[in-house]
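Peer 1: The structure under discussion is supplied below as structure tokens; questions concerning it will follow.
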Amino acid sequence: YKMKRGKVKKQMKRNKWLAIAMTAVLGGSLFGCSGGASSAASGSGAANTELAESGKYSCSSTPLTLTAHIHWNNGIILNDDMIIPKEAARFTNITLKGTASPMETDSAQAFNLMITGKDLPDIVGGNRVDINKYGLEGAFIPLNDLIEEYAPDIQAVLEKYPDVKGAITAEDGNIYQIPFIYESQTSEAWFIRQDWLAAVGREMPTTVDELHDTLVAFIEQDANGNGKKDEICYFMRQSSLDNRMTPLLSLFGVSDYWHINADGSVSIGSYSQEYKEAVKRVSQWYAEGLIDPEIFTRDSNVREMLFSENNGGLTHDWVPSTSGYNKSTAEIVPGFHLVGLVPPADVNGDVWEVSSRDRLTGSGWAISSANEHPEETMKYMNFWFTEAGRRLSTYGVEGVTYNMVDGEPVYTDDMLNSSTPINGAIMKMGGQVEDMAYLHDDSYEKFMMDEEGAKLLEAYEETGVVGAKYPKVPALPFTEEETDLISSKYPVCRTYMLEQLQKWTFDGNNIDAEFDTYMETLRGMGMDEIQAAYQNAYDRLMEK
């Protein structure tokens, strides 16, 4: 439901947070206090200076300072040295003052300490589950009417993506968090060594059987030419064990993500009868030496190591960074040529990509009940959804981290040649921080990939393979009861799933005899209830 402005003000002072808000007002706290906007960042472009001085994006008639708790990804903490929020102050007339302690390295713990403290900052970044939980208790104010009245760009995005609006709406019908939103869907993809294909006389594989035969040829015909059968055909970099076998399982018709079936039902492949045959095939490939023998124990540097040693042949990974190995490895391995591979048709003849970006990561920010300037704050949040705001968060400060070339932002040579990845460097400057929500702009990724990566992204888009067979579930509006059920039971189930996957990958001889027990064990752990929670939340989302 929508709350009128008077009700919003009442909401700001309700429940146990009444005392906090009143203490902030009477005690002269920093919440919403005025202050001078930051001066222009050194080197800022003339065009941005003119735009900032035009007042087009001004969110306050006088300079205003808002306190903000931004502690994201266990290490990105809002501080006074970040040049991107400083530049935003020139546009908006609002300066953010970070309150999260740099001494705390765990973002979840930092949030818990903040939320149970005496004073709440004006703006709080965090996970939607936590924001909604404390929003229902009065820590954060409903944003529905504020969005409608003061945030036209956010409103347009929510109208464009009704699933996003449905997902962020809490049980009481209110929105408490402005989320970070991804538009582009392609994230990871298949990559194979073209120079190895040429060495063994094979064409690009288009089916799972052709891929199998190609990997066999890599080993039997000594693709790397060193006279040893040491080729590591399929390997995976993911730090989480969850996803290391997911791409291979998809070749055998199974999605090991929570996904939507053609009939609208929600399920996960590792709790299905089809999973048994898929794991048997994976185990067979492992026995043939086609899968990295250390697949479950490799660290995140496996790409650098295997490519530089000329031992890696096939992987599934993030497109920009993986395609970049053509340049970095060419000097070490003469002739090294990594190319993108459209997913081979699976055992059922379907061509589809199992991975995709989630529209919502769960991160975003909220307006606390102690905030004395909710209208100005909402205007500020809306700024990050404008063209200027998205460019600032994505590319940084004009004249410092990028320049405009033919009407398009282009990173400076210092950014392009840095040993730090572009997105990592921008995050340290206060951009692309998911707790400081905006509509993600993936155009920067073209600066992180070579021609092969660009070709692959184009091929994925043209073929429509992402989500073609089993689209991943969108962000779901779980109730608190459903959230508690899933958080308490699913991690135990998932650990058991992965233990069995590892066991069966190494030795699949007993899968047939053990699979019914595996399914029964998961049932006893609560998988039916977990699946029902996903289904109910998805059905509610579809009804909104």
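Naming works like this for the structure tokens: A, B, ... for the chains as they're shown, residue 1 at the start of each chain, ligands 1 onward in shown order.
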Pull the alpha helix (DSSP H) assignments for segment 54-284 of chain A out of DSSP run on the backbone, and list those residues as JSON, numbers by chain.
Peer 2: {"A": [54, 83, 84, 85, 86, 87, 88, 89, 90, 91, 92, 107, 108, 109, 110, 111, 112, 113, 114, 115, 128, 129, 130, 131, 132, 133, 134, 135, 136, 144, 145, 146, 147, 148, 149, 150, 152, 153, 154, 155, 156, 157, 158, 159, 160, 162, 163, 164, 165, 166, 167, 168, 194, 195, 196, 197, 198, 199, 200, 208, 209, 210, 211, 212, 213, 214, 215, 216, 217, 218, 219, 220, 246, 247, 248, 249, 250, 251, 274, 275, 276, 277, 278, 279, 280, 281, 282, 283, 284]}
Peer 1: Please identify all polymer residues within 9 Å of Tyr460 of chain A, counting only C-alpha atoms, omitting same-chain residues fewer than 6 positions from it, and present them as a list in words.
Peer 2: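 Here the qualifying residues turn out to be Thr186, Ala189, Val342, Pro343, Glu353 and Val466 of chain A.
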Peer 1: Using DSSP secondary structure from the backbone, list all strand (DSSP E) positions within segment 25-228 of chain A, as JSON, numbers by chain.
Peer 2: {"A": [64, 65, 66, 67, 68, 69, 71, 72, 76, 77, 94, 95, 96, 97, 98, 123, 124, 125, 126, 127, 178, 179, 180, 181, 188, 189, 190, 191, 192, 193]}
Peer 1: Which residues of segment 171-269 of chain A come within 7 Å of segment 516-538 of chain A, and for each one, what is the closest pair of atoms and their distance in Å to one decimal, counting only C-alpha atoms, sorted by chain and residue number, as JSON lines?
Peer 2:
```
{"residue": "A:Ser265", "atom": "CA", "partner": "A:Gln535", "partner_atom": "CA", "distance": 6.7}
{"residue": "A:Val266", "atom": "CA", "partner": "A:Gln535", "partner_atom": "CA", "distance": 5.5}
{"residue": "A:Ser267", "atom": "CA", "partner": "A:Gln531", "partner_atom": "CA", "distance": 6.5}
```
Peer 1: May I have the residues within 9 Å of segment 503-514 of chain A as an NGL selection string, using only C-alpha atoms and disregarding those fewer than 6 positions away in the same chain?
Peer 2: :A and (276-277 or 279-287 or 293)
Peer 1: Within 10 Å of Val164 of chain A, counting only C-alpha atoms, which residues show up once you throw out same-chain ones fewer than 4 positions away? Write them as number ranges by chain, please.
Peer 2: A: 157-160, 168-169, 179, 181, 359-360, 474-477, 541
Peer 1: Find the distance between atom CA of Val465 of chain A and atom CA of Leu498 of chain A and write it in Å to one decimal.
Peer 2: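 Taking atom CA of Val465 of chain A as the start and atom CA of Leu498 of chain A as the end point, the length is 26.4 Å.
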Peer 1: Tell me which of A:Ser355, A:Asn224, A:Thr297, A:Gln155 sits closest to Thr246 of chain A, counting only C-alpha atoms.
Peer 2: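 For Thr246 of chain A, the nearest of the given residues is A:Ser355.
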Peer 1: Can you pull out every residue within 9 Å of Asn310 of chain A, counting only C-alpha atoms, but drop anything in the same chain fewer than 4 positions away, and send it as a ChimeraX atom specification?
Peer 2: /A:224,231,305-306,332-333,336
Peer 1: My list of candidates is A:Val351, A:Asp209, A:Val405, A:Lys327. Which is closest to Gly464 of chain A when distances are computed with only C-alpha atoms?
Peer 2: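 Of the candidates, the smallest distance to Gly464 of chain A is held by A:Val351.
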Peer 1: Applying 6 Å and only C-alpha atoms, which residues near segment 468-470 of chain A remain after dropping the ones on its own chain fewer than 4 positions away? List them as a list in words.
Peer 2: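 That gives His259, Ile260, Asn261 and Trp352 of chain A.
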Peer 1: Which residue, A:Val129, A:Met82, A:Ile192, A:Val400, has the smallest gap to Thr322 of chain A when you use only C-alpha atoms?
Peer 2: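 Distance minimum relative to Thr322 of chain A lands on A:Ile192.
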Peer 1: Quick one, how far is atom CA of Ala151 of chain A from atom CA of Asn382 of chain A?
Peer 2: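 Going from atom CA of Ala151 of chain A over to atom CA of Asn382 of chain A covers 5.1 Å.
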Peer 1: Name the closest residue to Thr361 of chain A among the candidates A:Pro152, A:Gly135, A:Gly75, A:Gly126; distances are taken between atoms, counting only C-alpha atoms.
Peer 2: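 Selected residue with least distance to Thr361 of chain A: A:Gly126.
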